[in-house]
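Trainee: entry22.txt is reproduced in full below (compact mmCIF, C-alpha atoms).
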```txt
# COMPACT_ATOMS: atom_id res chain seq x y z
CA MET P 1 -5.95 -2.14 6.61
CA ALA P 2 -4.46 -4.93 8.70
CA GLY P 3 -1.77 -2.71 10.20
CA PRO P 4 0.71 0.08 9.59
CA GLU P 5 3.04 -2.26 7.70
CA THR P 6 0.27 -2.96 5.17
CA GLY P 7 -0.19 0.77 4.64
CA VAL P 8 3.52 1.31 4.16
CA LEU P 9 3.65 -1.51 1.60
CA ALA P 10 0.74 0.03 -0.30
CA ALA P 11 2.41 3.44 -0.21
CA ARG P 12 5.70 1.94 -1.41
CA SER P 13 3.99 0.25 -4.35
CA ARG P 14 2.53 3.60 -5.40
CA ALA P 15 5.89 5.28 -4.91
CA LEU P 16 7.48 2.71 -7.20
CA ALA P 17 4.82 3.48 -9.79
CA VAL P 18 5.80 7.16 -9.61
CA LEU P 19 9.46 6.25 -9.98
CA ARG P 20 8.63 4.05 -12.98
CA ILE P 21 7.06 7.09 -14.64
CA ARG P 22 10.30 8.96 -13.98
CA GLY P 23 12.25 6.09 -15.51
CA ALA P 24 9.95 5.97 -18.53
CA ALA P 25 10.46 9.70 -19.12
CA LEU P 26 14.22 9.19 -18.95
CA ALA P 27 14.01 6.26 -21.37
CA VAL P 28 12.05 8.37 -23.87
CA ALA P 29 14.71 11.08 -23.63
CA LEU P 30 17.52 8.57 -24.21
CA LEU P 31 15.84 6.68 -27.07
CA PRO P 32 17.03 8.98 -29.92
CA ALA P 33 20.56 8.85 -28.53
CA ALA P 34 20.43 5.05 -28.45
CA VAL P 35 19.22 4.90 -32.05
CA ALA P 36 21.97 7.34 -33.09
CA VAL P 37 24.61 5.17 -31.41
CA VAL P 38 23.31 2.09 -33.24
CA LEU P 39 23.44 3.91 -36.59
CA LEU P 40 26.92 5.31 -35.97
CA VAL P 41 28.34 1.99 -34.82
CA GLY P 42 26.63 0.17 -37.68
CA GLY P 43 28.09 2.64 -40.15
CA ALA P 44 31.57 2.37 -38.62
CA THR P 45 31.50 -1.43 -38.86
CA GLY P 46 29.97 -1.48 -42.34
CA ARG P 47 26.79 -3.32 -41.27
CA LEU P 48 24.54 -0.30 -41.94
CA GLY P 49 25.95 1.20 -45.09
CA ALA P 50 29.54 1.64 -46.11
CA PRO P 51 31.83 3.27 -43.53
CA ASP P 52 32.80 6.00 -46.01
CA ALA P 53 29.22 6.63 -47.26
CA ALA P 54 28.57 10.23 -48.19
CA ALA P 55 26.33 12.39 -46.05
CA GLY P 56 23.86 12.60 -48.92
CA SER P 57 23.36 8.83 -49.07
CA GLY P 58 20.45 7.13 -47.33
CA TRP P 59 22.33 5.78 -44.29
CA GLY P 60 24.49 8.86 -44.01
CA LEU P 61 21.46 11.15 -44.03
CA ALA P 62 19.71 8.97 -41.45
CA ARG P 63 22.76 9.12 -39.17
CA LEU P 64 22.92 12.88 -39.53
CA LEU P 65 19.23 13.46 -38.80
CA VAL P 66 19.00 11.03 -35.89
CA SER P 67 22.18 12.40 -34.35
CA GLY P 68 20.77 15.93 -34.55
CA VAL P 69 17.50 14.82 -32.94
CA ALA P 70 19.47 12.96 -30.23
CA VAL P 71 21.58 16.01 -29.39
CA LEU P 72 18.49 18.24 -29.19
CA THR P 73 16.58 15.70 -27.09
CA LEU P 74 19.48 15.24 -24.69
CA ALA P 75 19.87 19.01 -24.34
CA LEU P 76 16.18 19.43 -23.54
CA ALA P 77 16.23 16.48 -21.15
CA ALA P 78 19.26 17.92 -19.37
CA LEU P 79 17.48 21.26 -19.06
CA VAL P 80 14.35 19.63 -17.62
CA GLY P 81 16.43 17.56 -15.20
CA ALA P 82 18.47 20.55 -14.07
CA VAL P 83 15.37 22.68 -13.43
CA VAL P 84 13.53 19.87 -11.63
CA ALA P 85 16.55 19.11 -9.44
CA GLY P 86 17.48 22.72 -8.75
CA ALA P 87 14.10 24.45 -8.41
CA ARG P 88 13.34 25.49 -4.85
CA PRO P 89 10.21 23.70 -3.54
CA ALA P 90 7.70 25.93 -1.82
CA LEU P 91 7.81 26.09 1.96
CA SER P 92 4.90 26.86 4.24
CA PRO P 93 5.53 30.11 6.16
CA SER P 94 6.16 29.25 9.80
CA VAL P 95 7.93 30.36 12.95
CA PRO P 96 10.96 28.14 13.69
CA VAL P 97 11.19 26.90 17.25
CA PRO P 98 14.79 26.06 18.22
CA GLU P 99 15.35 23.38 20.81
CA ASP P 100 16.65 25.79 23.45
CA ALA P 101 13.38 27.75 23.18
CA ALA P 102 11.20 24.69 23.83
CA PRO P 103 13.17 21.80 25.38
CA ASP P 104 10.08 20.29 26.99
CA LEU P 105 8.18 20.33 23.70
CA TYR P 106 11.09 18.65 21.91
CA ARG P 107 11.23 16.08 24.70
CA LEU P 108 7.51 15.36 24.36
CA VAL P 109 7.81 14.87 20.59
CA ARG P 110 10.86 12.62 20.87
CA GLU P 111 9.26 10.49 23.56
CA LEU P 112 6.19 10.21 21.36
CA ALA P 113 8.35 9.15 18.40
CA ASP P 114 10.12 6.53 20.55
CA ARG P 115 6.77 5.24 21.73
CA LEU P 116 5.58 4.94 18.14
CA GLY P 117 8.84 3.39 16.96
CA VAL P 118 9.50 6.01 14.27
CA PRO P 119 12.27 8.58 13.71
CA ALA P 120 11.84 11.86 15.57
CA PRO P 121 11.22 15.02 13.51
CA SER P 122 14.38 16.99 12.80
CA ALA P 123 12.94 20.28 14.09
CA LEU P 124 9.74 22.00 15.20
CA ALA P 125 7.95 25.05 13.82
CA LEU P 126 4.68 26.87 14.45
CA THR P 127 2.07 28.03 11.97
CA PRO P 128 -0.70 30.55 12.72
CA ASP P 129 -3.39 28.14 11.65
CA CYS P 130 -5.39 25.26 13.12
CA ASP P 131 -3.47 22.46 11.46
CA SER P 132 -0.35 20.33 11.93
CA TRP P 133 1.75 18.46 9.38
CA LEU P 134 5.20 17.15 8.47
CA GLU P 135 7.22 19.14 5.95
CA ASP P 136 10.31 17.92 4.14
CA ARG P 137 12.99 20.60 4.13
CA THR P 138 15.92 18.50 2.95
CA HIS P 139 16.33 20.33 -0.35
CA ARG P 140 19.75 21.95 -0.56
CA THR P 141 18.17 25.42 -0.80
CA HIS P 142 16.25 24.92 2.46
CA GLY P 143 18.88 23.95 4.94
CA PRO P 144 22.59 23.64 5.77
CA PRO P 145 25.18 22.46 3.24
CA ARG P 146 24.96 18.88 2.09
CA ALA P 147 28.07 17.89 4.06
CA ALA P 148 26.46 19.13 7.26
CA ARG P 149 23.25 17.23 6.48
CA ARG P 150 25.28 14.05 5.96
CA ALA P 151 26.98 14.55 9.32
CA ASP P 152 23.61 14.93 11.08
CA ARG P 153 21.31 12.07 10.15
CA ARG P 154 18.39 13.64 11.97
CA ALA P 155 18.45 16.51 9.44
CA THR P 156 16.96 14.13 6.85
CA ALA P 157 13.77 13.75 8.91
CA PRO P 158 10.88 16.11 8.14
CA VAL P 159 10.04 19.16 10.24
CA LEU P 160 6.96 18.99 12.46
CA VAL P 161 4.81 22.10 11.94
CA ILE P 162 2.26 22.65 14.75
CA GLY P 163 -0.70 25.02 14.72
CA SER P 164 0.05 27.71 17.27
CA PRO P 165 -3.60 27.95 18.50
CA PHE P 166 -3.34 24.30 19.57
CA LEU P 167 -0.42 25.06 21.89
CA TRP P 168 -2.32 27.73 23.79
CA TRP P 169 -5.74 26.13 23.90
CA MET P 170 -4.96 22.44 24.30
CA ARG P 171 -3.63 20.68 27.38
CA VAL P 172 -0.37 18.73 27.22
CA GLY P 173 -2.08 15.34 27.01
CA GLU P 174 -4.45 16.52 24.31
CA LEU P 175 -1.60 17.91 22.23
CA ARG P 176 0.30 14.64 22.50
CA ALA P 177 -2.78 12.69 21.38
CA LEU P 178 -3.34 15.11 18.48
CA LEU P 179 0.27 14.93 17.29
CA ALA P 180 0.58 11.14 17.53
CA PRO P 181 -0.70 10.32 14.00
CA VAL P 182 1.27 13.25 12.57
CA VAL P 183 4.56 12.17 14.17
CA ALA P 184 3.87 8.58 13.10
CA GLY P 185 4.20 9.82 9.52
CA THR P 186 7.98 10.11 9.92
CA GLY P 187 8.14 6.31 9.62
CA PRO P 188 6.90 6.11 6.00
CA ALA P 189 8.82 9.32 5.21
CA ALA P 190 12.07 7.47 5.99
CA ASP P 191 11.37 4.81 3.34
CA PRO P 192 13.81 5.44 0.43
CA ASP P 193 11.24 4.79 -2.31
CA ILE P 194 8.56 7.00 -0.76
CA ALA P 195 11.11 9.75 -0.09
CA ALA P 196 12.39 9.59 -3.69
CA ALA P 197 8.86 9.72 -5.10
CA ARG P 198 8.02 12.73 -2.94
CA ARG P 199 11.19 14.54 -3.99
CA PHE P 200 10.34 13.91 -7.64
CA ILE P 201 6.79 15.25 -7.23
CA ARG P 202 8.01 18.33 -5.34
CA GLY P 203 10.66 18.94 -7.98
CA LEU P 204 8.10 18.80 -10.78
CA ASP P 205 5.80 21.17 -8.91
CA ALA P 206 8.67 23.60 -8.31
CA ALA P 207 9.71 23.38 -11.99
CA VAL P 208 6.18 24.32 -13.07
CA ALA P 209 6.35 27.36 -10.78
CA VAL P 210 9.72 28.36 -12.28
CA ALA P 211 8.31 28.04 -15.81
CA ASP P 212 5.28 30.17 -14.93
CA ARG P 213 7.56 32.97 -13.70
CA ALA P 214 9.95 32.76 -16.67
CA ARG P 215 10.70 35.97 -18.56
CA GLY P 216 13.31 37.01 -21.08
CA VAL P 217 15.40 34.93 -23.48
CA TRP P 218 15.03 31.72 -21.43
CA ALA P 219 11.24 31.90 -21.42
CA PRO P 220 10.66 29.59 -24.45
CA ALA P 221 12.96 26.88 -23.10
CA LEU P 222 11.45 27.12 -19.62
CA ARG P 223 7.97 26.95 -21.08
CA PHE P 224 8.96 23.58 -22.55
CA VAL P 225 10.19 22.55 -19.08
CA GLY P 226 6.83 23.57 -17.63
CA LEU P 227 4.96 21.60 -20.29
CA ALA P 228 7.03 18.46 -19.70
CA SER P 229 6.71 18.81 -15.92
CA ARG P 230 2.94 19.20 -16.14
CA ARG P 231 2.69 16.07 -18.31
CA MET P 232 4.67 14.06 -15.79
CA LEU P 233 2.68 15.51 -12.88
CA HIS P 234 -0.53 14.49 -14.61
CA ALA P 235 0.81 10.97 -15.12
CA CYS P 236 1.87 10.74 -11.44
CA ARG P 237 -1.22 12.38 -9.93
CA ASP P 238 -3.30 9.30 -9.14
CA HIS P 239 -0.34 7.30 -7.83
CA ALA P 240 0.84 10.20 -5.66
CA THR P 241 -2.65 10.71 -4.22
CA LEU P 242 -3.03 7.04 -3.34
CA MET P 243 0.50 6.99 -1.91
CA GLU P 244 -0.28 9.84 0.48
CA ARG P 245 -3.56 8.23 1.49
CA ALA P 246 -1.76 5.00 2.30
CA VAL P 247 0.86 6.90 4.29
CA ALA P 248 -1.85 8.69 6.28
CA ALA P 249 -3.68 5.41 6.92
CA ALA P 250 -0.48 3.72 8.07
CA ALA P 251 0.36 6.61 10.42
CA SER P 252 -3.15 6.66 11.87
CA GLU P 253 -3.06 2.91 12.42
CA ARG P 254 0.32 3.09 14.15
CA ALA P 255 -0.91 5.83 16.49
CA GLN P 256 -4.19 4.05 17.27
CA ASP P 257 -3.13 2.90 20.73
CA VAL P 258 -1.42 6.12 21.84
CA ASP P 259 -3.63 8.07 24.28
CA HIS P 260 -6.71 6.58 22.69
CA ARG P 261 -9.07 8.08 25.27
CA LEU P 262 -7.71 11.59 24.73
CA ARG P 263 -7.80 11.40 20.94
CA THR P 264 -11.57 11.90 20.84
CA VAL P 265 -11.32 14.84 23.23
CA ALA P 266 -8.46 16.33 21.22
CA GLN P 267 -10.45 16.13 17.98
CA GLU P 268 -13.35 17.92 19.66
CA GLN P 269 -10.95 20.64 20.74
CA VAL P 270 -9.73 20.99 17.16
CA GLY P 271 -13.23 21.89 16.02
CA LEU P 272 -13.61 24.36 18.87
CA ALA P 273 -10.20 25.88 18.08
CA TYR P 274 -11.21 26.42 14.44
CA ALA P 275 -14.34 28.30 15.54
CA GLY P 276 -12.57 30.45 18.11
CA TRP P 277 -9.58 31.21 15.89
CA ASP P 278 -11.82 32.31 13.03
CA ARG P 279 -13.83 34.55 15.35
CA LEU P 280 -10.67 36.10 16.78
CA LEU P 281 -9.19 36.87 13.37
CA THR P 282 -12.30 38.28 11.74
CA ARG P 283 -13.78 40.22 14.67
CA VAL P 284 -10.72 41.27 16.65
CA ALA P 285 -7.54 41.08 14.58
CA LEU P 286 -8.89 42.34 11.25
CA PRO P 287 -10.04 45.77 12.57
CA ALA P 288 -6.58 46.28 14.09
CA TRP P 289 -4.78 45.22 10.93
CA ARG P 290 -6.79 47.72 8.92
CA LEU P 291 -5.51 50.47 11.24
CA GLY P 292 -1.88 49.43 10.84
CA ARG P 293 -1.71 47.66 14.21
CA TRP P 294 -1.29 43.95 14.82
CA PRO P 295 -2.34 42.26 18.08
CA ALA P 296 0.89 40.92 19.51
CA HIS P 297 -0.63 37.99 21.43
CA LEU P 298 -3.26 36.38 19.25
CA ASP P 299 -2.67 32.90 20.65
CA SER P 300 -3.22 33.95 24.25
CA GLY P 301 -6.28 35.90 23.09
CA VAL P 302 -7.77 32.80 21.51
CA VAL P 303 -7.95 31.19 24.97
CA SER P 304 -10.33 33.93 26.13
CA ALA P 305 -12.37 33.68 22.94
CA LEU P 306 -12.63 29.90 23.18
CA THR P 307 -13.46 29.98 26.89
CA GLU P 308 -16.36 32.34 26.20
CA LEU P 309 -17.45 30.20 23.25
CA SER P 310 -17.30 27.00 25.30
CA ARG P 311 -19.54 28.52 27.96
CA ARG P 312 -22.16 29.46 25.34
CA ASP P 313 -21.91 26.30 23.22
CA ARG P 314 -23.89 23.41 24.64
CA LEU P 315 -21.64 20.98 22.80
CA ALA P 316 -18.74 22.21 24.91
CA ASP P 317 -20.34 21.62 28.31
CA GLY P 318 -17.73 20.52 30.82
CA PHE P 319 -14.77 21.55 28.68
CA THR P 320 -13.97 24.54 30.88
CA ALA P 321 -13.02 22.13 33.69
CA ARG P 322 -10.03 21.04 31.64
CA LEU P 323 -8.60 24.57 31.83
CA GLY P 324 -7.18 23.68 35.23
CA GLU P 325 -4.78 21.21 33.57
CA ARG P 326 -1.37 22.23 32.30
CA PRO P 327 -1.61 24.10 28.97
CA ALA P 328 0.66 22.99 26.16
CA CYS P 329 2.19 26.48 25.87
CA ASP P 330 3.97 25.78 29.18
CA LEU P 331 6.28 23.57 27.12
CA LEU P 332 7.80 26.78 25.68
CA GLU P 333 10.49 28.72 27.50
CA GLU P 334 9.20 32.14 26.38
CA PRO P 335 5.59 31.79 25.23
CA GLY P 336 5.15 35.56 24.85
CA ALA P 337 7.99 35.94 22.35
CA ILE P 338 6.83 33.01 20.23
CA ASP P 339 3.24 34.24 20.43
CA GLY P 340 4.40 37.61 19.11
CA ALA P 341 6.26 36.02 16.19
CA ALA P 342 3.26 33.84 15.30
CA SER P 343 0.91 36.84 15.56
CA LEU P 344 3.08 38.89 13.19
CA LEU P 345 3.17 35.99 10.73
CA ALA P 346 -0.64 35.71 10.95
CA ALA P 347 -0.95 39.40 10.07
CA ARG P 348 1.35 38.90 7.07
CA LEU P 349 -0.44 35.79 5.82
CA PHE P 350 -4.05 36.78 6.40
CA HIS P 351 -3.82 40.51 5.76
CA GLY P 352 -0.67 41.08 3.74
CA GLY P 353 1.10 43.24 6.29
CA PRO P 354 4.87 43.82 6.39
CA ALA P 355 7.15 41.11 7.73
CA ALA P 356 8.48 43.37 10.51
CA ALA P 357 7.23 46.19 12.68
CA GLY P 358 7.83 49.73 11.50
CA PRO P 359 6.19 53.10 10.97
CA GLY P 360 2.50 52.58 10.40
CA TRP P 361 2.73 48.91 11.40
CA SER P 362 3.21 48.39 15.14
CA PRO P 363 2.08 45.83 17.73
CA VAL P 364 -0.76 46.46 20.15
CA GLY P 365 -1.39 44.69 23.44
CA TRP P 366 -4.78 43.59 24.67
CA GLY P 367 -4.69 46.26 27.40
CA GLU P 368 -4.23 48.95 24.76
CA TYR P 369 -6.71 47.46 22.30
CA PRO P 370 -9.86 49.33 23.49
CA ASP P 371 -8.20 52.75 23.18
CA GLU P 372 -5.92 52.08 20.21
CA VAL P 373 -8.35 50.12 18.05
CA VAL P 374 -11.95 50.22 19.26
CA ASP P 375 -12.05 53.91 20.14
CA ARG P 376 -10.05 54.88 17.07
CA THR P 377 -12.33 52.82 14.83
CA TRP P 378 -15.41 54.55 16.24
CA ARG P 379 -13.80 57.96 15.79
CA LEU P 380 -12.92 57.20 12.16
CA GLU P 381 -16.45 55.94 11.47
CA ALA P 382 -17.95 59.02 13.13
CA ALA P 383 -15.70 61.32 11.09
CA ARG P 384 -16.69 59.51 7.90
CA LEU P 385 -20.37 59.88 8.81
CA HIS P 386 -19.90 63.61 9.45
CA ARG P 387 -18.23 64.03 6.06
CA VAL P 388 -21.12 62.28 4.34
CA LEU P 389 -23.64 64.44 6.18
CA ASP P 390 -21.71 67.59 5.33
CA ASP P 391 -21.77 66.68 1.64
CA LEU P 392 -25.54 66.30 1.58
CA PRO P 393 -27.42 69.26 0.10
CA ALA P 394 -29.18 71.45 2.62
CA ALA P 395 -32.85 70.74 3.03
CA PRO P 396 -35.17 73.45 1.67
CA PRO P 397 -36.91 75.58 4.31
CA PRO P 398 -40.45 74.53 5.02
CA GLY P 399 -43.09 76.49 3.13
CA PRO P 400 -45.59 78.81 4.80
CA GLY P 401 -48.26 76.94 6.62
```
So, in terms of structure tokens, how does the structure I just supplied come out?
Mentor:
Amino acid sequence: MAGPETGVLAARSRALAVLRIRGAALAVALLPAAVAVVLLVGGATGRLGAPDAAAGSGWGLARLLVSGVAVLTLALAALVGAVVAGARPALSPSVPVPEDAAPDLYRLVRELADRLGVPAPSALALTPDCDSWLEDRTHRTHGPPRAARRADRRATAPVLVIGSPFLWWMRVGELRALLAPVVAGTGPAADPDIAAARRFIRGLDAAVAVADRARGVWAPALRFVGLASRRMLHACRDHATLMERAVAAAASERAQDVDHRLRTVAQEQVGLAYAGWDRLLTRVALPAWRLGRWPAHLDSGVVSALTELSRRDRLADGFTARLGERPACDLLEEPGAIDGAASLLAARLFHGGPAAAGPGWSPVGWGEYPDEVVDRTWRLEAARLHRVLDDLPAAPPPGPG
């Protein structure tokens, strides 16, 4: 593409195609009503049958049937519209980071947005995964009342969700280079046509979820809503996919000149973070989760795991020298508290644990891990082995030699 503006224009054209599908669906819903109006007006003026024609006559019967179909179609269309507009879109589980808990991180993101010439994200959140994205939370069920959102224009911008392992493993410059193309996506997100198309797609997706969960007397009507929403989603699928690709291309092009040297290094660190995070979860966190304990500082633990991995991986030669630079977690006021919240969310997402600590589900520090998890695991395995051995039949005595 020639530049970010070209990408935005391509994304807008696809967004308009999505909105045309929405308009076509509305036109189909209104068509019986329009025909009924024509028949009723024609009958009242005497152009389509006599004004006092009986209901059993041809034109009278046509007016009666078309009016009934129009009323039913409008009722179903109103139901579909109400469910699509009111269904709560799914949100990615995350740990909200208020501005007073990370003023330096907010400052970094806003300076990055100013440098890119795009609106700043409305808020920041962390996810216990190696990924970062923008998430629209402007639906009335996700945030403050509509009047408050109108008073604060920044509330219409998407939320920036950052992978928590990145904050602890990456340096400040690397994090800024990694987030540049993500933050640049707030520019296309502010376009009215793209925003409207995205809201329509999210509404259809949420309506399908509502229909799938429907039970009781409303189930048949909601199944029709699900069927109609799936049809429209299918019609919009290709346009929505190409729209998002154009948005991503435009954002990447806009961020091309921001910390270009560090972008390659940051992408290498992403791959290393994936490897270390996976090792930490499967080999360290999972045994603790099975015992009803959750490591309270997974993100700080990933630094140790990645440091060991970088020393053993020839592709990571020289990366340990960067550990002397300022880590991105220094941008947080209380890294330990946020690390604990992200670690608890990781346990809930990847293991299905409770959302809060309680009996049988308590945090464990790295200093307590050997005694509370490793030793206990060995004891449980030894006890299981003893039970198996005890259940084995006794060996017969050896016969006389």
Trainee: I want to know what sits within 7 Å of range 162-170 of chain P, based on only C-alpha atoms, with residues of the same chain fewer than 6 positions away left out; could you give that as a PyMOL selection string?
Mentor: chain P and resi 125-133+273+299-300+303+327-329
Trainee: Tell me which residues come within 9 Å of (-1.8, 6.7, 16.7), as an NGL selection string, counting all atoms listed in the file in the file's coordinates.
Mentor: :P and (116 or 177-184 or 251-260 or 263)
Trainee: What is the distance, in Å and to one decimal place, between CA of Val18 in chain P and CA of Asp193 in chain P?
Mentor: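 Going from CA of Val18 in chain P over to CA of Asp193 in chain P covers 9.4 Å.
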Trainee: Hey, which of P:Gly7, P:Pro121, P:Pro192, P:Gly226 ends up closest to Val208 in chain P? Count only C-alpha atoms.
Mentor: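 Nearest to Val208 in chain P: P:Gly226.
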Trainee: So what do you get for CA of Gly353 in chain P versus CA of His139 in chain P, distance-wise?
Mentor: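 Taking CA of Gly353 in chain P and CA of His139 in chain P, their separation equals 28.3 Å.
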Trainee: Rounded to one decimal in Å, what is the spacing between CA of Asp339 in chain P and CA of Val97 in chain P?
Mentor: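 Result for CA of Asp339 in chain P versus CA of Val97 in chain P: 11.3 Å, one decimal.
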Trainee: From the list P:Arg283, P:Arg245, P:Arg223, P:Arg12, which residue is nearest Ala197 in chain P when using all atoms listed in the file?
Mentor: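 Distance minimum relative to Ala197 in chain P lands on P:Arg12.
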Trainee: Taking only C-alpha atoms into account, name the residue in P:Asp191, P:Glu174, P:Asp114, P:Asp104 that is nearest to Leu9 in chain P.
Mentor: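 Among the listed residues, the smallest separation from Leu9 in chain P belongs to P:Asp191.
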Trainee: Considering only C-alpha atoms, can you say which of P:Pro89, P:Pro158, P:Gly117, P:Gly301 comes closest to Ala209 in chain P?
Mentor: P:Pro89
Trainee: Considering only C-alpha atoms, state which residue in the set P:Arg176, P:Arg115, P:Arg261, P:Arg22 is at the smallest distance from Ala196 in chain P.
Mentor: P:Arg22
Trainee: Residues near Ala240 in chain P, anyone? I mean within 8 Å using all atoms listed in the file, not counting same-chain ones fewer than 4 positions away, as a list in words.
Mentor: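 Everything that qualifies: Arg14, Ala15, Val18, Ile201, Cys236 and Glu244 of chain P.
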Trainee: Could you check the closest approach to Arg279 in chain P for each of P:Leu306, P:Val161, P:Val95, P:Ala250 and tell me which residue wins, using only C-alpha atoms?
Mentor: P:Leu306
Trainee: Is it possible to get the residues within 9 Å of (-3.9, 2.2, 2.3) (coordinates as in the file, counting all atoms listed in the file) written as a PDB file with C-alpha atoms, keeping the file's coordinate frame?
Mentor:
```
ATOM      1  CA  MET P   1      -5.950  -2.140   6.610  1.00  0.00           C
ATOM      2  CA  PRO P   4       0.710   0.080   9.590  1.00  0.00           C
ATOM      3  CA  THR P   6       0.270  -2.960   5.170  1.00  0.00           C
ATOM      4  CA  GLY P   7      -0.190   0.770   4.640  1.00  0.00           C
ATOM      5  CA  VAL P   8       3.520   1.310   4.160  1.00  0.00           C
ATOM      6  CA  LEU P   9       3.650  -1.510   1.600  1.00  0.00           C
ATOM      7  CA  ALA P  10       0.740   0.030  -0.300  1.00  0.00           C
ATOM      8  CA  ALA P  11       2.410   3.440  -0.210  1.00  0.00           C
ATOM      9  CA  LEU P 242      -3.030   7.040  -3.340  1.00  0.00           C
ATOM     10  CA  MET P 243       0.500   6.990  -1.910  1.00  0.00           C
ATOM     11  CA  GLU P 244      -0.280   9.840   0.480  1.00  0.00           C
ATOM     12  CA  ARG P 245      -3.560   8.230   1.490  1.00  0.00           C
ATOM     13  CA  ALA P 246      -1.760   5.000   2.300  1.00  0.00           C
ATOM     14  CA  VAL P 247       0.860   6.900   4.290  1.00  0.00           C
ATOM     15  CA  ALA P 248      -1.850   8.690   6.280  1.00  0.00           C
ATOM     16  CA  ALA P 249      -3.680   5.410   6.920  1.00  0.00           C
ATOM     17  CA  ALA P 250      -0.480   3.720   8.070  1.00  0.00           C
TER      18      ALA P 250
END
```
Trainee: Neighbouring residues of Arg231 in chain P were defined as those with any atom within 12 Å, considering only C-alpha atoms; residues of the same chain fewer than 2 positions away were excluded. Please report them as a VMD selection string.
Mentor: chain P and resid 21 to 22 25 201 204 to 205 207 to 208 224 to 229 233 to 237
Trainee: Let me see the file: selected residues, C-alpha atoms, as an mmCIF file, in the frame of the given file.
Mentor:
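As a result, out-v1.cif now contains:
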```cif
data_model
loop_
_atom_site.group_PDB
_atom_site.id
_atom_site.type_symbol
_atom_site.label_atom_id
_atom_site.label_comp_id
_atom_site.auth_asym_id
_atom_site.auth_seq_id
_atom_site.Cartn_x
_atom_site.Cartn_y
_atom_site.Cartn_z
ATOM 1 C CA ILE P 21 7.060 7.090 -14.640
ATOM 2 C CA ARG P 22 10.300 8.960 -13.980
ATOM 3 C CA ALA P 25 10.460 9.700 -19.120
ATOM 4 C CA ILE P 201 6.790 15.250 -7.230
ATOM 5 C CA LEU P 204 8.100 18.800 -10.780
ATOM 6 C CA ASP P 205 5.800 21.170 -8.910
ATOM 7 C CA ALA P 207 9.710 23.380 -11.990
ATOM 8 C CA VAL P 208 6.180 24.320 -13.070
ATOM 9 C CA PHE P 224 8.960 23.580 -22.550
ATOM 10 C CA VAL P 225 10.190 22.550 -19.080
ATOM 11 C CA GLY P 226 6.830 23.570 -17.630
ATOM 12 C CA LEU P 227 4.960 21.600 -20.290
ATOM 13 C CA ALA P 228 7.030 18.460 -19.700
ATOM 14 C CA SER P 229 6.710 18.810 -15.920
ATOM 15 C CA LEU P 233 2.680 15.510 -12.880
ATOM 16 C CA HIS P 234 -0.530 14.490 -14.610
ATOM 17 C CA ALA P 235 0.810 10.970 -15.120
ATOM 18 C CA CYS P 236 1.870 10.740 -11.440
ATOM 19 C CA ARG P 237 -1.220 12.380 -9.930
#
```
Trainee: Taking 2 positions as the minimum chain separation for residues in the same chain, which residues sit within 9 Å of Ala305 in chain P when counting only C-alpha atoms? Answer as a PyMOL selection string.
Mentor: chain P and resi 276-277+279-280+301-303+307-310
